[in-house]
$ cat entry35.tsv   # TSV, C-alpha atoms and all ligand atoms
chain	number	residue	atom	x	y	z
A	13	MET	CA	-7.50	-14.60	-33.97
A	14	GLN	CA	-9.03	-11.19	-34.64
A	15	THR	CA	-6.36	-8.58	-33.96
A	16	ALA	CA	-7.22	-5.40	-32.07
A	17	ALA	CA	-6.69	-3.39	-35.28
A	18	GLU	CA	-9.11	-5.62	-37.24
A	19	ALA	CA	-11.67	-5.40	-34.48
A	20	ALA	CA	-11.64	-1.61	-34.93
A	21	THR	CA	-13.12	-1.93	-38.42
A	22	HIS	CA	-15.39	-4.98	-37.93
A	23	GLU	CA	-18.50	-5.57	-35.85
A	24	ARG	CA	-17.26	-6.12	-32.28
A	25	PRO	CA	-19.00	-8.77	-30.17
A	26	PRO	CA	-19.80	-7.44	-26.67
A	27	ALA	CA	-17.07	-8.19	-24.12
A	28	PRO	CA	-17.93	-11.02	-21.72
A	29	ILE	CA	-18.80	-10.03	-18.14
A	30	SER	CA	-16.20	-10.81	-15.44
A	31	LYS	CA	-18.02	-13.15	-13.04
A	32	GLY	CA	-17.20	-13.67	-9.36
A	33	THR	CA	-16.30	-17.31	-10.11
A	34	PHE	CA	-13.78	-16.17	-12.79
A	35	ARG	CA	-12.20	-13.67	-10.40
A	36	ALA	CA	-11.96	-16.23	-7.58
A	37	GLN	CA	-10.27	-18.83	-9.80
A	38	ARG	CA	-7.72	-16.77	-11.67
A	39	PRO	CA	-4.21	-18.32	-11.81
A	40	GLU	CA	-1.39	-16.33	-10.15
A	41	ILE	CA	0.99	-16.89	-13.10
A	42	VAL	CA	0.26	-17.30	-16.82
A	43	GLY	CA	2.01	-18.08	-20.11
A	44	PRO	CA	5.24	-19.84	-21.08
A	45	ASP	CA	8.60	-19.71	-19.25
A	46	GLU	CA	10.03	-17.42	-21.90
A	47	PRO	CA	8.44	-14.85	-24.23
A	48	ILE	CA	7.25	-16.36	-27.52
A	49	ALA	CA	6.17	-14.59	-30.75
A	50	PRO	CA	4.76	-11.98	-31.17
A	51	PHE	CA	6.55	-10.98	-27.94
A	52	PRO	CA	8.67	-9.03	-27.13
A	53	ILE	CA	6.86	-6.03	-28.66
A	54	PRO	CA	8.65	-2.67	-28.24
A	55	LEU	CA	6.49	0.49	-28.12
A	56	SER	CA	7.35	4.12	-27.51
A	57	GLY	CA	5.88	7.60	-27.59
A	58	ALA	CA	5.12	10.72	-25.59
A	59	VAL	CA	2.71	10.04	-22.69
A	60	GLN	CA	-0.85	11.19	-23.48
A	61	LYS	CA	-3.64	12.23	-21.12
A	62	GLY	CA	-6.51	9.72	-20.82
A	63	PHE	CA	-9.90	10.51	-19.29
A	64	GLY	CA	-8.25	10.65	-15.87
A	65	ARG	CA	-10.51	7.96	-14.36
A	66	GLY	CA	-7.70	5.47	-13.78
A	67	GLY	CA	-6.10	7.32	-10.88
A	68	LYS	CA	-9.27	8.87	-9.41
A	69	ASP	CA	-11.82	6.06	-9.77
A	70	LEU	CA	-9.70	2.96	-9.77
A	71	GLY	CA	-6.61	3.79	-7.68
A	72	CYS	CA	-4.60	2.81	-10.73
A	73	PRO	CA	-3.22	5.77	-12.73
A	74	THR	CA	-2.49	4.97	-16.37
A	75	ALA	CA	-0.25	6.57	-18.99
A	76	ASN	CA	-1.62	6.36	-22.53
A	77	LEU	CA	0.50	5.84	-25.62
A	78	PRO	CA	-0.18	8.05	-28.66
A	79	ASP	CA	-2.31	6.56	-31.49
A	80	GLU	CA	0.70	6.37	-33.86
A	81	SER	CA	2.48	3.91	-31.59
A	82	LEU	CA	-0.47	1.49	-31.31
A	83	PRO	CA	-0.29	-0.42	-34.64
A	84	ALA	CA	2.99	-2.14	-33.66
A	85	MET	CA	0.90	-3.95	-31.04
A	86	SER	CA	-2.72	-3.83	-32.28
A	87	GLU	CA	-1.84	-5.41	-35.66
A	88	VAL	CA	-0.34	-8.52	-34.08
A	89	THR	CA	-2.37	-9.02	-30.90
A	90	ARG	CA	-5.98	-9.09	-29.76
A	91	THR	CA	-7.40	-6.68	-27.20
A	92	GLY	CA	-6.74	-7.55	-23.57
A	93	VAL	CA	-4.44	-7.13	-20.61
A	94	TYR	CA	-0.67	-7.53	-21.05
A	95	TYR	CA	2.49	-7.29	-18.91
A	96	GLY	CA	6.04	-6.13	-19.42
A	97	TYR	CA	8.43	-3.33	-18.50
A	98	ALA	CA	8.28	0.43	-19.01
A	99	ARG	CA	10.56	3.39	-18.54
A	100	VAL	CA	9.60	7.08	-18.47
A	101	PHE	CA	12.47	9.41	-19.31
A	102	PRO	CA	13.19	12.18	-16.78
A	103	ASP	CA	13.58	15.23	-19.01
A	104	LYS	CA	10.83	17.25	-20.62
A	105	ASP	CA	11.62	20.43	-22.56
A	106	GLY	CA	15.12	20.40	-21.08
A	107	GLN	CA	13.71	20.32	-17.52
A	108	ARG	CA	14.36	17.38	-15.22
A	109	ALA	CA	10.97	16.56	-13.72
A	110	LEU	CA	11.29	12.98	-12.47
A	111	THR	CA	13.56	11.54	-9.78
A	112	GLU	CA	16.21	8.98	-10.63
A	113	GLU	CA	14.11	6.24	-9.00
A	114	GLU	CA	10.97	7.28	-10.93
A	115	SER	CA	12.80	7.23	-14.24
A	116	ARG	CA	14.18	3.68	-13.85
A	117	VAL	CA	12.71	0.64	-15.65
A	118	HIS	CA	9.64	-0.64	-13.77
A	119	PRO	CA	7.15	-3.50	-14.26
A	120	MET	CA	3.93	-2.52	-15.98
A	121	VAL	CA	0.45	-3.84	-16.83
A	122	MET	CA	-1.26	-2.64	-19.99
A	123	SER	CA	-4.88	-2.59	-21.10
A	124	LEU	CA	-5.25	-2.60	-24.89
A	125	GLY	CA	-8.84	-2.08	-25.96
A	126	TRP	CA	-12.08	-0.14	-25.69
A	127	ASN	CA	-12.62	-0.40	-21.92
A	128	PRO	CA	-16.07	-2.00	-22.19
A	129	PHE	CA	-16.89	-0.88	-18.62
A	130	TYR	CA	-16.50	2.78	-19.65
A	131	LYS	CA	-17.73	2.20	-23.23
A	132	ASN	CA	-14.88	4.05	-24.95
A	133	GLU	CA	-15.24	4.48	-28.72
A	134	LYS	CA	-11.54	4.56	-29.42
A	135	LEU	CA	-8.86	1.89	-29.12
A	136	THR	CA	-6.35	2.86	-26.43
A	137	ALA	CA	-3.21	1.41	-24.89
A	138	GLU	CA	-3.20	2.35	-21.20
A	139	ILE	CA	-0.17	1.52	-19.14
A	140	HIS	CA	-0.06	1.32	-15.37
A	141	ILE	CA	3.55	1.45	-14.18
A	142	MET	CA	4.02	-0.35	-10.88
A	143	TYR	CA	5.87	2.41	-9.06
A	144	PRO	CA	4.41	5.06	-6.71
A	145	PHE	CA	5.08	8.17	-8.84
A	146	THR	CA	4.60	11.42	-6.95
A	147	ARG	CA	3.78	13.53	-10.02
A	148	ASP	CA	2.29	13.38	-13.52
A	149	PHE	CA	4.55	12.76	-16.47
A	150	TYR	CA	2.41	13.79	-19.44
A	151	GLY	CA	4.51	14.66	-22.47
A	152	HIS	CA	7.50	12.64	-21.28
A	153	GLU	CA	8.97	9.97	-23.52
A	154	MET	CA	7.90	6.47	-22.46
A	155	ARG	CA	9.41	3.24	-23.79
A	156	VAL	CA	7.71	-0.10	-23.23
A	157	ILE	CA	8.46	-3.76	-23.89
A	158	VAL	CA	5.36	-5.95	-23.89
A	159	LEU	CA	6.27	-9.52	-22.94
A	160	GLY	CA	3.05	-11.48	-22.50
A	161	TYR	CA	-0.74	-11.71	-22.41
A	162	ILE	CA	-2.76	-12.08	-19.20
A	163	ARG	CA	-6.49	-12.11	-20.08
A	164	PRO	CA	-9.16	-10.73	-22.43
A	165	GLU	CA	-10.82	-7.39	-21.93
A	166	LEU	CA	-13.98	-7.85	-19.86
A	167	ASP	CA	-17.09	-5.91	-18.94
A	168	TYR	CA	-18.07	-5.38	-15.30
A	169	ILE	CA	-21.21	-5.00	-13.24
A	170	SER	CA	-19.39	-2.82	-10.71
A	171	LYS	CA	-16.29	-0.66	-10.39
A	172	GLU	CA	-15.21	-2.79	-7.40
A	173	ALA	CA	-15.14	-5.92	-9.57
A	174	LEU	CA	-12.94	-4.14	-12.15
A	175	ILE	CA	-10.60	-2.98	-9.35
A	176	GLU	CA	-10.39	-6.58	-8.05
A	177	ASP	CA	-9.35	-7.85	-11.50
A	178	ILE	CA	-6.79	-5.05	-11.94
A	179	GLU	CA	-5.24	-5.91	-8.53
A	180	THR	CA	-4.98	-9.56	-9.63
A	181	ASP	CA	-3.46	-8.45	-12.98
A	182	LYS	CA	-0.71	-6.60	-11.06
A	183	ARG	CA	0.16	-9.67	-8.94
A	184	VAL	CA	0.09	-11.95	-11.99
A	185	ALA	CA	2.35	-9.55	-13.92
A	186	LEU	CA	4.94	-9.47	-11.11
A	187	ASN	CA	4.94	-13.28	-10.86
A	188	CYS	CA	5.30	-13.62	-14.63
A	189	LEU	CA	8.14	-11.08	-14.80
A	190	ALA	CA	10.08	-12.80	-11.98
A	191	ARG	CA	10.91	-15.65	-14.40
A	192	PRO	CA	14.57	-15.24	-15.53
A	193	ALA	CA	13.82	-15.13	-19.29
A	194	TYR	CA	11.47	-12.16	-18.66
A	195	GLU	CA	13.45	-10.45	-15.93
A	196	ARG	CA	16.40	-9.88	-18.26
A	197	TYR	CA	14.33	-7.48	-20.43
A	198	ARG	CA	14.66	-4.96	-17.61
A	199	ASN	CA	18.16	-4.33	-19.02
A	200	ASP	CA	17.15	-4.25	-22.68
A	201	PRO	CA	19.02	-1.69	-24.86
A	202	LEU	CA	15.63	-0.10	-25.74
A	203	PHE	CA	15.62	1.38	-22.23
A	204	GLU	CA	19.00	3.06	-22.57
A	205	ALA	CA	18.80	6.82	-22.98
A	206	ALA	CA	19.47	8.04	-26.51
A	207	ALA	CA	23.03	9.39	-26.87
A	301	LIG	C1	-4.35	-3.77	-15.83
A	301	LIG	C2	-5.60	-3.12	-16.34
A	301	LIG	C3	-6.66	-3.93	-16.72
A	301	LIG	C4	-7.85	-3.36	-17.21
A	301	LIG	N1	-8.88	-4.18	-17.58
A	301	LIG	C5	-10.03	-3.65	-18.06
A	301	LIG	C6	-11.12	-4.47	-18.48
A	301	LIG	O1	-11.05	-5.72	-18.46
A	301	LIG	N2	-12.25	-3.86	-18.90
A	301	LIG	C7	-12.38	-2.49	-18.95
A	301	LIG	O2	-13.43	-2.01	-19.32
A	301	LIG	N3	-11.35	-1.69	-18.60
A	301	LIG	C8	-10.20	-2.23	-18.15
A	301	LIG	N4	-9.16	-1.42	-17.77
A	301	LIG	C9	-9.19	-0.02	-18.17
A	301	LIG	C10	-9.67	0.93	-17.14
A	301	LIG	O3	-11.06	0.97	-17.27
A	301	LIG	C11	-9.02	2.26	-17.52
A	301	LIG	O4	-7.67	2.21	-17.22
A	301	LIG	C12	-9.69	3.40	-16.88
A	301	LIG	O5	-10.89	3.60	-17.56
A	301	LIG	C13	-8.86	4.67	-16.91
A	301	LIG	O6	-8.91	5.28	-18.13
A	301	LIG	P1	-8.61	6.86	-18.23
A	301	LIG	O7	-7.31	7.12	-17.52
A	301	LIG	O8	-8.55	7.12	-19.71
A	301	LIG	O9	-9.74	7.56	-17.57
A	301	LIG	C14	-7.96	-1.96	-17.30
A	301	LIG	C15	-6.87	-1.14	-16.93
A	301	LIG	C16	-5.70	-1.70	-16.45
A	301	LIG	C17	-4.56	-0.82	-16.05

$ encode --input "entry35.tsv" --output "structure tokens" --more "lines below"
Ligand SMILES: Cc1cc2nc3c(=O)[nH]c(=O)nc-3n(C[C@H](O)[C@H](O)[C@H](O)COP(=O)(O)O)c2cc1C
Amino acid sequence: MQTAAEAATHERPPAPISKGTFRAQRPEIVGPDEPIAPFPIPLSGAVQKGFGRGGKDLGCPTANLPDESLPAMSEVTRTGVYYGYARVFPDKDGQRALTEEESRVHPMVMSLGWNPFYKNEKLTAEIHIMYPFTRDFYGHEMRVIVLGYIRPELDYISKEALIEDIETDKRVALNCLARPAYERYRNDPLFEAAA
């Protein structure tokens, strides 16, 4: 397996195109009944601004992790779409900016890669937290536990096709996380606020 970090320094083959037949036949649940190595992978950092297309273009806002927190994941996994849990902490610069509900642990889907559809030149880890936040949380501390892999990164002939795959990713992630051995990571000590 070529890890995401290795792919950054080697020639990258073009990402395969997501075909209608692939999208129509995707399974609703993937992977083993409990996380196996290299999962769980803990990640954390202050939320970074992306290009802002996720929310506007795709109806799927994403929070990016800073570059320094990527190697923990990119050195042991390939690029692709992953699922797990995330928590954004409520305080920023001593100000409480998120509600109690918003700052709980929520399910997340993550895209690790170069976003072939948008032809990014930089490896990013973009996290979509499955909770209807009412405000931005740039600069807030985010902690994440990645628990499993869903699919490779793909290229798309239309934005609608990418949106369709992202909607399937969200359903698959929720089904995967409902398994007891995954569900218990919601209460992992990583998500407890620092004393
Ligand atoms: C669950 C999920 C799956 C994604 N899958 C792909 C993909 O297969 N190919 C791709 O080019 N981009 C994929 N994306 C990335 C989106 O293109 C990206 O989030 C969008 O460009 C927003 O980036 P921005 O906020 O930096 O503008 C995915 C994003 C998410 C949240």

$ closest_atom_pairs --input "entry35.tsv" --of "chain A" --to "ligand LIG 301 (chain A)" --cutoff "9 Å" --atoms "only C-alpha atoms and all ligand atoms" --output "tab-separated table"
residue	atom	partner	partner_atom	distance
A:Ala27	CA	A:LIG301	N2	8.3
A:Ile29	CA	A:LIG301	O1	8.9
A:Ser30	CA	A:LIG301	O1	7.8
A:Lys61	CA	A:LIG301	O8	7.2
A:Gly62	CA	A:LIG301	O8	3.5
A:Phe63	CA	A:LIG301	O9	3.4
A:Gly64	CA	A:LIG301	O9	3.8
A:Arg65	CA	A:LIG301	O9	3.3
A:Gly66	CA	A:LIG301	C13	3.4
A:Gly67	CA	A:LIG301	O7	6.8
A:Lys68	CA	A:LIG301	O9	8.3
A:Asp69	CA	A:LIG301	C13	7.9
A:Leu70	CA	A:LIG301	C12	7.1
A:Cys72	CA	A:LIG301	C17	6.4
A:Pro73	CA	A:LIG301	O7	6.4
A:Thr74	CA	A:LIG301	O7	5.4
A:Ala75	CA	A:LIG301	O7	7.2
A:Asn76	CA	A:LIG301	O8	7.5
A:Gly92	CA	A:LIG301	O1	6.9
A:Val93	CA	A:LIG301	C3	5.5
A:Tyr94	CA	A:LIG301	C1	7.4
A:Tyr95	CA	A:LIG301	C1	8.3
A:Met120	CA	A:LIG301	C1	8.4
A:Val121	CA	A:LIG301	C1	4.9
A:Met122	CA	A:LIG301	C1	5.3
A:Ser123	CA	A:LIG301	C16	4.8
A:Leu124	CA	A:LIG301	C14	8.1
A:Gly125	CA	A:LIG301	N3	7.8
A:Trp126	CA	A:LIG301	O2	6.8
A:Asn127	CA	A:LIG301	O2	3.2
A:Pro128	CA	A:LIG301	O2	3.9
A:Phe129	CA	A:LIG301	O2	3.7
A:Tyr130	CA	A:LIG301	O2	5.7
A:Lys131	CA	A:LIG301	O2	7.2
A:Asn132	CA	A:LIG301	O2	8.4
A:Thr136	CA	A:LIG301	O8	8.3
A:Ala137	CA	A:LIG301	O4	8.9
A:Glu138	CA	A:LIG301	O4	6.0
A:Ile139	CA	A:LIG301	C17	5.9
A:His140	CA	A:LIG301	C17	5.0
A:Ile141	CA	A:LIG301	C17	8.6
A:Arg163	CA	A:LIG301	O1	8.0
A:Pro164	CA	A:LIG301	O1	6.7
A:Glu165	CA	A:LIG301	O1	3.9
A:Leu166	CA	A:LIG301	O1	3.9
A:Asp167	CA	A:LIG301	N2	5.3
A:Tyr168	CA	A:LIG301	O2	7.0
A:Lys171	CA	A:LIG301	O3	8.8
A:Leu174	CA	A:LIG301	C6	6.6
A:Ile175	CA	A:LIG301	C4	8.3
A:Asp177	CA	A:LIG301	C3	7.1
A:Ile178	CA	A:LIG301	C1	4.8
A:Glu179	CA	A:LIG301	C1	7.7
A:Thr180	CA	A:LIG301	C1	8.5
A:Asp181	CA	A:LIG301	C1	5.6
A:Lys182	CA	A:LIG301	C1	6.6

$ write_last_selection --input "entry35.tsv" --atoms "C-alpha atoms" --output "PDB file, keeping the file's coordinate frame"
ATOM      1  CA  ALA A  27     -17.070  -8.190 -24.120  1.00  0.00           C
ATOM      2  CA  ILE A  29     -18.800 -10.030 -18.140  1.00  0.00           C
ATOM      3  CA  SER A  30     -16.200 -10.810 -15.440  1.00  0.00           C
ATOM      4  CA  LYS A  61      -3.640  12.230 -21.120  1.00  0.00           C
ATOM      5  CA  GLY A  62      -6.510   9.720 -20.820  1.00  0.00           C
ATOM      6  CA  PHE A  63      -9.900  10.510 -19.290  1.00  0.00           C
ATOM      7  CA  GLY A  64      -8.250  10.650 -15.870  1.00  0.00           C
ATOM      8  CA  ARG A  65     -10.510   7.960 -14.360  1.00  0.00           C
ATOM      9  CA  GLY A  66      -7.700   5.470 -13.780  1.00  0.00           C
ATOM     10  CA  GLY A  67      -6.100   7.320 -10.880  1.00  0.00           C
ATOM     11  CA  LYS A  68      -9.270   8.870  -9.410  1.00  0.00           C
ATOM     12  CA  ASP A  69     -11.820   6.060  -9.770  1.00  0.00           C
ATOM     13  CA  LEU A  70      -9.700   2.960  -9.770  1.00  0.00           C
ATOM     14  CA  CYS A  72      -4.600   2.810 -10.730  1.00  0.00           C
ATOM     15  CA  PRO A  73      -3.220   5.770 -12.730  1.00  0.00           C
ATOM     16  CA  THR A  74      -2.490   4.970 -16.370  1.00  0.00           C
ATOM     17  CA  ALA A  75      -0.250   6.570 -18.990  1.00  0.00           C
ATOM     18  CA  ASN A  76      -1.620   6.360 -22.530  1.00  0.00           C
ATOM     19  CA  GLY A  92      -6.740  -7.550 -23.570  1.00  0.00           C
ATOM     20  CA  VAL A  93      -4.440  -7.130 -20.610  1.00  0.00           C
ATOM     21  CA  TYR A  94      -0.670  -7.530 -21.050  1.00  0.00           C
ATOM     22  CA  TYR A  95       2.490  -7.290 -18.910  1.00  0.00           C
ATOM     23  CA  MET A 120       3.930  -2.520 -15.980  1.00  0.00           C
ATOM     24  CA  VAL A 121       0.450  -3.840 -16.830  1.00  0.00           C
ATOM     25  CA  MET A 122      -1.260  -2.640 -19.990  1.00  0.00           C
ATOM     26  CA  SER A 123      -4.880  -2.590 -21.100  1.00  0.00           C
ATOM     27  CA  LEU A 124      -5.250  -2.600 -24.890  1.00  0.00           C
ATOM     28  CA  GLY A 125      -8.840  -2.080 -25.960  1.00  0.00           C
ATOM     29  CA  TRP A 126     -12.080  -0.140 -25.690  1.00  0.00           C
ATOM     30  CA  ASN A 127     -12.620  -0.400 -21.920  1.00  0.00           C
ATOM     31  CA  PRO A 128     -16.070  -2.000 -22.190  1.00  0.00           C
ATOM     32  CA  PHE A 129     -16.890  -0.880 -18.620  1.00  0.00           C
ATOM     33  CA  TYR A 130     -16.500   2.780 -19.650  1.00  0.00           C
ATOM     34  CA  LYS A 131     -17.730   2.200 -23.230  1.00  0.00           C
ATOM     35  CA  ASN A 132     -14.880   4.050 -24.950  1.00  0.00           C
ATOM     36  CA  THR A 136      -6.350   2.860 -26.430  1.00  0.00           C
ATOM     37  CA  ALA A 137      -3.210   1.410 -24.890  1.00  0.00           C
ATOM     38  CA  GLU A 138      -3.200   2.350 -21.200  1.00  0.00           C
ATOM     39  CA  ILE A 139      -0.170   1.520 -19.140  1.00  0.00           C
ATOM     40  CA  HIS A 140      -0.060   1.320 -15.370  1.00  0.00           C
ATOM     41  CA  ILE A 141       3.550   1.450 -14.180  1.00  0.00           C
ATOM     42  CA  ARG A 163      -6.490 -12.110 -20.080  1.00  0.00           C
ATOM     43  CA  PRO A 164      -9.160 -10.730 -22.430  1.00  0.00           C
ATOM     44  CA  GLU A 165     -10.820  -7.390 -21.930  1.00  0.00           C
ATOM     45  CA  LEU A 166     -13.980  -7.850 -19.860  1.00  0.00           C
ATOM     46  CA  ASP A 167     -17.090  -5.910 -18.940  1.00  0.00           C
ATOM     47  CA  TYR A 168     -18.070  -5.380 -15.300  1.00  0.00           C
ATOM     48  CA  LYS A 171     -16.290  -0.660 -10.390  1.00  0.00           C
ATOM     49  CA  LEU A 174     -12.940  -4.140 -12.150  1.00  0.00           C
ATOM     50  CA  ILE A 175     -10.600  -2.980  -9.350  1.00  0.00           C
ATOM     51  CA  ASP A 177      -9.350  -7.850 -11.500  1.00  0.00           C
ATOM     52  CA  ILE A 178      -6.790  -5.050 -11.940  1.00  0.00           C
ATOM     53  CA  GLU A 179      -5.240  -5.910  -8.530  1.00  0.00           C
ATOM     54  CA  THR A 180      -4.980  -9.560  -9.630  1.00  0.00           C
ATOM     55  CA  ASP A 181      -3.460  -8.450 -12.980  1.00  0.00           C
ATOM     56  CA  LYS A 182      -0.710  -6.600 -11.060  1.00  0.00           C
TER      57      LYS A 182
END

$ atom_distance --input "entry35.tsv" --atom1 "CA of Ile162 in chain A" --atom2 "CA of Arg116 in chain A"
23.7 Å

$ axis_aligned_box --input "entry35.tsv" --around "range 114-119 of chain A" --padding-each-side "4 Å" --output "lines of an AutoDock Vina configuration file"
center_x = 10.7
center_y = 1.9
center_z = -13.3
size_x = 15.0
size_y = 18.8
size_z = 12.7

$ residues_around --input "entry35.tsv" --residues "range 54-60 of chain A" --least-positions-apart "5" --cutoff "7 Å" --atoms "all atoms listed in the file" --output "JSON, numbers by chain"
{"A": [75, 76, 77, 78, 81, 150, 151, 152, 153, 154, 155, 156, 157, 158]}

$ write_last_selection --input "entry35.tsv" --atoms "C-alpha atoms" --output "mmCIF file, keeping the file's coordinate frame"
data_model
loop_
_atom_site.group_PDB
_atom_site.id
_atom_site.type_symbol
_atom_site.label_atom_id
_atom_site.label_comp_id
_atom_site.auth_asym_id
_atom_site.auth_seq_id
_atom_site.Cartn_x
_atom_site.Cartn_y
_atom_site.Cartn_z
ATOM 1 C CA ALA A 75 -0.250 6.570 -18.990
ATOM 2 C CA ASN A 76 -1.620 6.360 -22.530
ATOM 3 C CA LEU A 77 0.500 5.840 -25.620
ATOM 4 C CA PRO A 78 -0.180 8.050 -28.660
ATOM 5 C CA SER A 81 2.480 3.910 -31.590
ATOM 6 C CA TYR A 150 2.410 13.790 -19.440
ATOM 7 C CA GLY A 151 4.510 14.660 -22.470
ATOM 8 C CA HIS A 152 7.500 12.640 -21.280
ATOM 9 C CA GLU A 153 8.970 9.970 -23.520
ATOM 10 C CA MET A 154 7.900 6.470 -22.460
ATOM 11 C CA ARG A 155 9.410 3.240 -23.790
ATOM 12 C CA VAL A 156 7.710 -0.100 -23.230
ATOM 13 C CA ILE A 157 8.460 -3.760 -23.890
ATOM 14 C CA VAL A 158 5.360 -5.950 -23.890
#

$ residues_near_point --input "entry35.tsv" --point "(4.7, -9.0, -13.8)" --cutoff "10 Å" --atoms "all atoms listed in the file" --output "list in words"
Ile41, Val42, Tyr94, Tyr95, Gly96, Tyr97, His118, Pro119, Met120, Val121, Met142, Leu159, Gly160, Ile162, Asp181, Lys182, Arg183, Val184, Ala185, Leu186, Asn187, Cys188, Leu189, Ala190, Arg191, Tyr194 and Glu195 of chain A

$ closest_residue --input "entry35.tsv" --among "A:Ile53, A:Pro144, A:Tyr197, A:Ala36" --to "Thr111 in chain A" --atoms "only C-alpha atoms"
A:Pro144
